[in-house]
$ cat coords-v7.csv   # CSV, C-alpha atoms
chain,number,residue,atom,x,y,z
A,1,MET,CA,12.6,-25.3,87.8
A,2,THR,CA,13.5,-24.3,84.2
A,3,GLU,CA,16.9,-22.7,83.8
A,4,ALA,CA,17.0,-18.9,83.7
A,5,VAL,CA,18.7,-17.2,80.8
A,6,LEU,CA,18.5,-13.7,82.2
A,7,GLU,CA,17.9,-12.4,85.7
A,8,THR,CA,17.8,-9.0,87.3
A,9,THR,CA,17.9,-8.2,91.0
A,10,GLY,CA,16.9,-4.8,92.3
A,11,LEU,CA,17.3,-3.2,88.9
A,12,THR,CA,17.0,0.5,89.3
A,13,LYS,CA,17.5,3.6,87.0
A,14,ALA,CA,17.2,7.1,88.4
A,15,PHE,CA,17.3,10.3,86.5
A,16,ASN,CA,18.2,12.8,89.2
A,17,SER,CA,15.5,12.3,91.8
A,18,PHE,CA,13.1,10.5,89.5
A,19,LYS,CA,13.2,6.7,89.4
A,20,ALA,CA,12.1,5.5,86.0
A,21,VAL,CA,12.8,1.8,87.1
A,22,SER,CA,12.8,0.8,90.7
A,23,ASP,CA,13.8,-2.5,92.3
A,24,VAL,CA,12.8,-4.7,89.3
A,25,ASP,CA,13.4,-8.4,89.7
A,26,LEU,CA,13.1,-10.3,86.4
A,27,ARG,CA,13.6,-14.0,85.7
A,28,ILE,CA,13.5,-15.0,82.0
A,29,GLU,CA,13.3,-18.7,81.6
A,30,ALA,CA,15.1,-20.6,78.8
A,31,GLY,CA,12.9,-21.3,75.8
A,32,SER,CA,10.2,-18.9,76.8
A,33,ILE,CA,8.6,-15.9,75.3
A,34,HIS,CA,8.4,-13.3,78.0
A,35,ALA,CA,6.5,-10.0,77.5
A,36,LEU,CA,7.1,-6.7,79.3
A,37,ILE,CA,3.9,-4.6,79.2
A,38,GLY,CA,2.5,-1.6,81.0
A,39,PRO,CA,0.8,1.8,80.4
A,40,ASN,CA,2.7,4.7,78.9
A,41,GLY,CA,5.4,5.9,81.3
A,42,ALA,CA,5.5,2.6,83.1
A,43,GLY,CA,9.3,2.2,82.6
A,44,LYS,CA,9.2,-0.5,79.9
A,45,THR,CA,11.6,1.3,77.5
A,46,THR,CA,14.0,2.3,80.3
A,47,CYS,CA,14.0,-1.3,81.5
A,48,PHE,CA,14.6,-2.6,78.0
A,49,ASN,CA,17.5,-0.1,77.5
A,50,LEU,CA,19.1,-1.3,80.8
A,51,LEU,CA,18.9,-4.9,79.6
A,52,THR,CA,20.5,-4.0,76.2
A,53,LYS,CA,23.2,-1.9,78.0
A,54,PHE,CA,22.1,1.2,76.3
A,55,LEU,CA,21.7,2.6,79.8
A,56,GLN,CA,23.7,1.9,82.9
A,57,PRO,CA,21.7,1.0,86.0
A,58,SER,CA,21.8,3.2,89.1
A,59,ALA,CA,21.6,0.1,91.2
A,60,GLY,CA,20.9,-3.6,91.0
A,61,THR,CA,22.4,-6.4,88.9
A,62,ILE,CA,21.8,-8.1,85.5
A,63,ARG,CA,23.0,-11.6,85.1
A,64,PHE,CA,23.1,-13.5,81.8
A,65,ASN,CA,23.7,-17.2,81.8
A,66,ILE,CA,27.1,-17.2,80.1
A,67,ALA,CA,27.0,-21.0,79.8
A,68,LEU,CA,24.5,-20.4,77.0
A,69,GLN,CA,26.7,-18.0,75.0
A,70,ARG,CA,28.4,-19.4,72.0
A,71,VAL,CA,32.2,-19.3,72.2
A,72,ARG,CA,33.9,-18.1,69.0
A,73,GLY,CA,37.6,-17.8,68.5
A,74,SER,CA,39.2,-14.7,67.1
A,75,ASN,CA,40.3,-14.8,63.5
A,76,PHE,CA,42.3,-12.1,62.0
A,77,ASP,CA,42.5,-13.7,58.5
A,78,PHE,CA,40.4,-11.3,56.5
A,79,TRP,CA,40.7,-13.3,53.3
A,80,ARG,CA,37.8,-15.6,52.6
A,81,SER,CA,37.7,-18.4,50.0
A,82,ASP,CA,35.0,-18.7,47.4
A,83,ALA,CA,33.6,-21.7,49.3
A,84,VAL,CA,33.3,-19.7,52.5
A,85,LEU,CA,31.7,-16.8,50.7
A,86,ARG,CA,29.2,-19.2,49.1
A,87,ARG,CA,28.3,-20.5,52.6
A,88,TYR,CA,27.7,-17.0,53.8
A,89,ASN,CA,25.5,-16.3,50.7
A,90,ASP,CA,23.6,-19.6,51.3
A,91,ARG,CA,23.0,-18.6,54.9
A,92,ALA,CA,21.7,-15.2,53.9
A,93,HIS,CA,19.2,-16.9,51.6
A,94,GLU,CA,18.2,-19.3,54.4
A,95,LEU,CA,17.5,-16.4,56.7
A,96,LEU,CA,15.5,-14.6,54.2
A,97,PHE,CA,13.4,-17.7,53.6
A,98,ASP,CA,13.0,-18.1,57.4
A,99,VAL,CA,11.5,-14.6,57.8
A,100,GLY,CA,9.3,-14.9,54.6
A,101,LEU,CA,11.5,-12.7,52.4
A,102,SER,CA,12.7,-15.2,49.9
A,103,ASP,CA,10.8,-13.4,47.2
A,104,ALA,CA,12.6,-10.1,48.0
A,105,VAL,CA,16.2,-11.2,47.5
A,106,ASP,CA,16.8,-8.6,44.8
A,107,THR,CA,14.6,-5.9,46.4
A,108,ALA,CA,16.3,-2.9,48.1
A,109,ALA,CA,15.5,-2.7,51.8
A,110,ALA,CA,14.1,0.8,51.4
A,111,GLU,CA,11.5,-0.5,49.0
A,112,LEU,CA,10.1,-3.1,51.5
A,113,SER,CA,6.9,-2.4,53.4
A,114,TYR,CA,7.2,-1.5,57.1
A,115,GLY,CA,6.3,-4.9,58.3
A,116,ARG,CA,8.8,-6.6,55.9
A,117,LYS,CA,11.5,-4.2,57.0
A,118,ARG,CA,10.9,-5.4,60.6
A,119,ALA,CA,11.2,-9.0,59.3
A,120,LEU,CA,14.5,-8.1,57.7
A,121,GLU,CA,15.7,-6.6,61.0
A,122,ILE,CA,14.9,-9.9,62.7
A,123,ALA,CA,16.8,-11.8,60.0
A,124,THR,CA,19.9,-9.7,60.6
A,125,THR,CA,19.6,-10.5,64.3
A,126,LEU,CA,19.3,-14.2,63.5
A,127,ALA,CA,22.5,-14.0,61.5
A,128,LEU,CA,24.3,-13.6,64.9
A,129,ASP,CA,22.7,-16.9,66.0
A,130,PRO,CA,21.5,-15.5,69.4
A,131,GLN,CA,20.4,-17.7,72.2
A,132,MET,CA,18.1,-14.8,73.4
A,133,MET,CA,16.4,-12.2,71.3
A,134,LEU,CA,15.1,-8.9,72.7
A,135,LEU,CA,12.4,-7.3,70.7
A,136,ASP,CA,11.2,-3.7,71.2
A,137,GLU,CA,7.6,-3.4,70.1
A,138,PRO,CA,8.0,-5.8,67.1
A,139,THR,CA,4.5,-5.0,65.7
A,140,ALA,CA,4.3,-1.3,66.4
A,141,GLY,CA,2.7,0.7,63.5
A,142,MET,CA,1.9,-2.4,61.4
A,143,THR,CA,-1.2,-3.3,59.4
A,144,GLU,CA,-3.2,-6.3,60.6
A,145,THR,CA,-1.6,-8.3,57.8
A,146,ASP,CA,1.9,-7.4,58.8
A,147,VAL,CA,1.1,-8.1,62.5
A,148,ALA,CA,-0.1,-11.6,61.6
A,149,ARG,CA,3.1,-12.2,59.6
A,150,ILE,CA,5.4,-11.1,62.5
A,151,VAL,CA,3.4,-13.1,65.0
A,152,ALA,CA,3.8,-16.2,62.8
A,153,LEU,CA,7.5,-15.5,62.4
A,154,ILE,CA,8.1,-15.2,66.1
A,155,LYS,CA,6.3,-18.4,66.7
A,156,THR,CA,8.6,-20.1,64.2
A,157,LEU,CA,11.7,-18.5,65.7
A,158,ARG,CA,11.0,-19.5,69.3
A,159,ALA,CA,12.3,-23.1,68.7
A,160,GLY,CA,15.6,-23.3,70.7
A,161,ARG,CA,15.5,-19.6,71.6
A,162,THR,CA,14.4,-17.3,74.4
A,163,ILE,CA,12.5,-14.1,73.5
A,164,LEU,CA,11.9,-11.0,75.7
A,165,MET,CA,9.7,-8.4,74.1
A,166,VAL,CA,8.2,-5.1,74.9
A,167,GLU,CA,4.7,-5.0,73.2
A,168,HIS,CA,1.6,-2.8,73.4
A,169,ASN,CA,-0.7,-5.0,71.3
A,170,LEU,CA,-2.5,-7.2,73.8
A,171,SER,CA,-3.7,-9.7,71.3
A,172,VAL,CA,-0.1,-10.2,70.3
A,173,VAL,CA,0.9,-10.6,73.9
A,174,SER,CA,-1.9,-13.1,74.7
A,175,GLY,CA,-1.1,-15.1,71.6
A,176,LEU,CA,2.6,-15.4,72.0
A,177,SER,CA,3.7,-15.0,75.6
A,178,ASP,CA,4.3,-17.8,78.1
A,179,ARG,CA,4.9,-15.2,80.9
A,180,ILE,CA,4.1,-11.5,81.3
A,181,THR,CA,5.6,-8.9,83.5
A,182,VAL,CA,3.4,-5.8,84.0
A,183,LEU,CA,5.2,-2.6,85.0
A,184,THR,CA,3.6,0.6,86.3
A,185,ARG,CA,5.5,3.7,87.6
A,186,GLY,CA,8.8,1.8,87.2
A,187,ARG,CA,7.8,-1.1,89.4
A,188,ILE,CA,6.5,-4.6,88.8
A,189,LEU,CA,2.7,-4.7,89.4
A,190,ALA,CA,2.0,-8.3,88.4
A,191,GLU,CA,3.5,-11.4,86.8
A,192,GLY,CA,2.1,-14.6,85.3
A,193,ASP,CA,0.5,-15.9,82.2
A,194,TYR,CA,-2.0,-13.8,80.3
A,195,GLU,CA,-5.1,-15.1,82.1
A,196,THR,CA,-3.5,-14.4,85.4
A,197,VAL,CA,-2.4,-10.8,84.7
A,198,SER,CA,-5.4,-9.8,82.6
A,199,ASN,CA,-7.7,-10.7,85.6
A,200,HIS,CA,-5.5,-9.0,88.2
A,201,PRO,CA,-7.6,-6.1,89.6
A,202,ASP,CA,-4.6,-3.7,89.8
A,203,VAL,CA,-3.6,-4.5,86.2
A,204,ILE,CA,-7.2,-3.9,85.0
A,205,SER,CA,-7.1,-0.5,86.8
A,206,ALA,CA,-3.6,0.6,85.8
A,207,TYR,CA,-3.3,-0.8,82.3
A,208,LEU,CA,-6.2,-2.5,80.7
A,209,GLY,CA,-8.9,-0.2,82.1
A,210,THR,CA,-12.2,-0.2,80.2
A,211,ASP,CA,-10.7,-2.1,77.3
A,212,HIS,CA,-10.3,-5.2,79.4
A,213,ALA,CA,-12.5,-8.1,78.3
$ encode --input "coords-v7.csv" --output "structure tokens"
Amino acid sequence: MTEAVLETTGLTKAFNSFKAVSDVDLRIEAGSIHALIGPNGAGKTTCFNLLTKFLQPSAGTIRFNIALQRVRGSNFDFWRSDAVLRRYNDRAHELLFDVGLSDAVDTAAAELSYGRKRALEIATTLALDPQMMLLDEPTAGMTETDVARIVALIKTLRAGRTILMVEHNLSVVSGLSDRITVLTRGRILAEGDYETVSNHPDVISAYLGTDHA
């Protein structure tokens, strides 16, 4: 079995008497793209906020494989030589190239299109050299051109990384995801690859509805 990077057991978040997330068990495998989908109000955002520690769970556990975390020593020497600064600058240019923004080096972030701003956000995340990336609706509000650009970018970035994303665009989910977890009313309704979940009768009823093909 492939090693898990992130696992949750019985993950629950209650707001007074309302359970936004209830007994969610997730297993995110190393090197995979795992999508979290569901209808509005399914608990996706709450679950995402629990995983990013924006919210504290009411019950359950979240385990991240600490063996995969990069160990960095503390350094309180704030002075940096020209050589070190040049390496930082070179790395910044590499990241901009990786996300397709090498032509925008001298462009203010505010002047970028929405899709290119999202690409810049991904570049700033990559600067931390994460083993796992959590993406919250990476293609929301984008034109078809920008969606295609972000999808191509995520495909490129997946090498050596694990990606968990919340996404509403089913064509993006089907084209990127190795595994999909479907939430409804705060609980897991189904899991599997796109073919499996898209043909699940409960998923068709709760999420895909008449748009299912």
$ closest_residue --input "coords-v7.csv" --among "A:Leu135, A:Leu128, A:Ala110, A:Ile33" --to "Ala159 of chain A" --atoms "all atoms listed in the file"
A:Ile33
$ closest_residue --input "coords-v7.csv" --among "A:Ser198, A:Ser205, A:Thr9, A:Thr184" --to "Asn40 of chain A" --atoms "all atoms listed in the file"
A:Thr184
$ closest_atom_pairs --input "coords-v7.csv" --of "segment 160-205 of chain A" --to "segment 141-146 of chain A" --cutoff "12 Å" --atoms "only C-alpha atoms" --output "CSV"
residue,atom,partner,partner_atom,distance
A:Glu167,CA,A:Gly141,CA,11.4
A:His168,CA,A:Gly141,CA,10.6
A:Asn169,CA,A:Gly141,CA,10.2
A:Ser171,CA,A:Glu144,CA,11.2
A:Val172,CA,A:Glu144,CA,10.9
$ residues_around --input "coords-v7.csv" --residues "segment 86-103 of chain A" --least-positions-apart "5" --cutoff "8 Å" --atoms "all atoms listed in the file" --output "mmCIF file with C-alpha atoms, keeping the file's coordinate frame"
data_model
loop_
_atom_site.group_PDB
_atom_site.id
_atom_site.type_symbol
_atom_site.label_atom_id
_atom_site.label_comp_id
_atom_site.auth_asym_id
_atom_site.auth_seq_id
_atom_site.Cartn_x
_atom_site.Cartn_y
_atom_site.Cartn_z
ATOM 1 C CA ARG A 116 8.800 -6.600 55.900
ATOM 2 C CA ALA A 119 11.200 -9.000 59.300
ATOM 3 C CA LEU A 120 14.500 -8.100 57.700
ATOM 4 C CA ILE A 122 14.900 -9.900 62.700
ATOM 5 C CA ALA A 123 16.800 -11.800 60.000
ATOM 6 C CA LEU A 126 19.300 -14.200 63.500
ATOM 7 C CA ALA A 127 22.500 -14.000 61.500
ATOM 8 C CA LEU A 153 7.500 -15.500 62.400
#
$ atom_distance --input "coords-v7.csv" --atom1 "atom CA of Pro138 of chain A" --atom2 "atom CA of Met165 of chain A"
7.7 Å
$ closest_residue --input "coords-v7.csv" --among "A:Ile62, A:Thr12, A:Asp106, A:His34" --to "Tyr194 of chain A" --atoms "all atoms listed in the file"
A:His34
$ atom_distance --input "coords-v7.csv" --atom1 "atom CA of Leu183 of chain A" --atom2 "atom CA of Pro39 of chain A"
7.7 Å
$ atom_distance --input "coords-v7.csv" --atom1 "atom CA of Ala190 of chain A" --atom2 "atom CA of Thr52 of chain A"
22.6 Å
$ residues_around --input "coords-v7.csv" --residues "Val24 of chain A" --least-positions-apart "4" --cutoff "12 Å" --atoms "all atoms listed in the file" --output "MDAnalysis selection string"
chainID A and resid 7:13 19:20 36 43:44 46:48 50:51 57:62 181:191
$ residues_around --input "coords-v7.csv" --residues "Val5 of chain A" --least-positions-apart "3" --cutoff "7 Å" --atoms "all atoms listed in the file" --output "ChimeraX atom specification"
/A:28-30,64-65
$ axis_aligned_box --input "coords-v7.csv" --around "segment 144-151 of chain A" --padding-each-side "3 Å" --output "JSON"
{"center_x": 1.1, "center_y": -9.7, "center_z": 61.4, "size_x": 14.6, "size_y": 12.8, "size_z": 13.2}
$ closest_residue --input "coords-v7.csv" --among "A:Leu157, A:Leu112, A:Ala35, A:Ala42" --to "Ser22 of chain A" --atoms "only C-alpha atoms"
A:Ala42
$ closest_residue --input "coords-v7.csv" --among "A:Glu111, A:Asp178, A:Glu121, A:Glu137" --to "Thr45 of chain A" --atoms "only C-alpha atoms"
A:Glu137
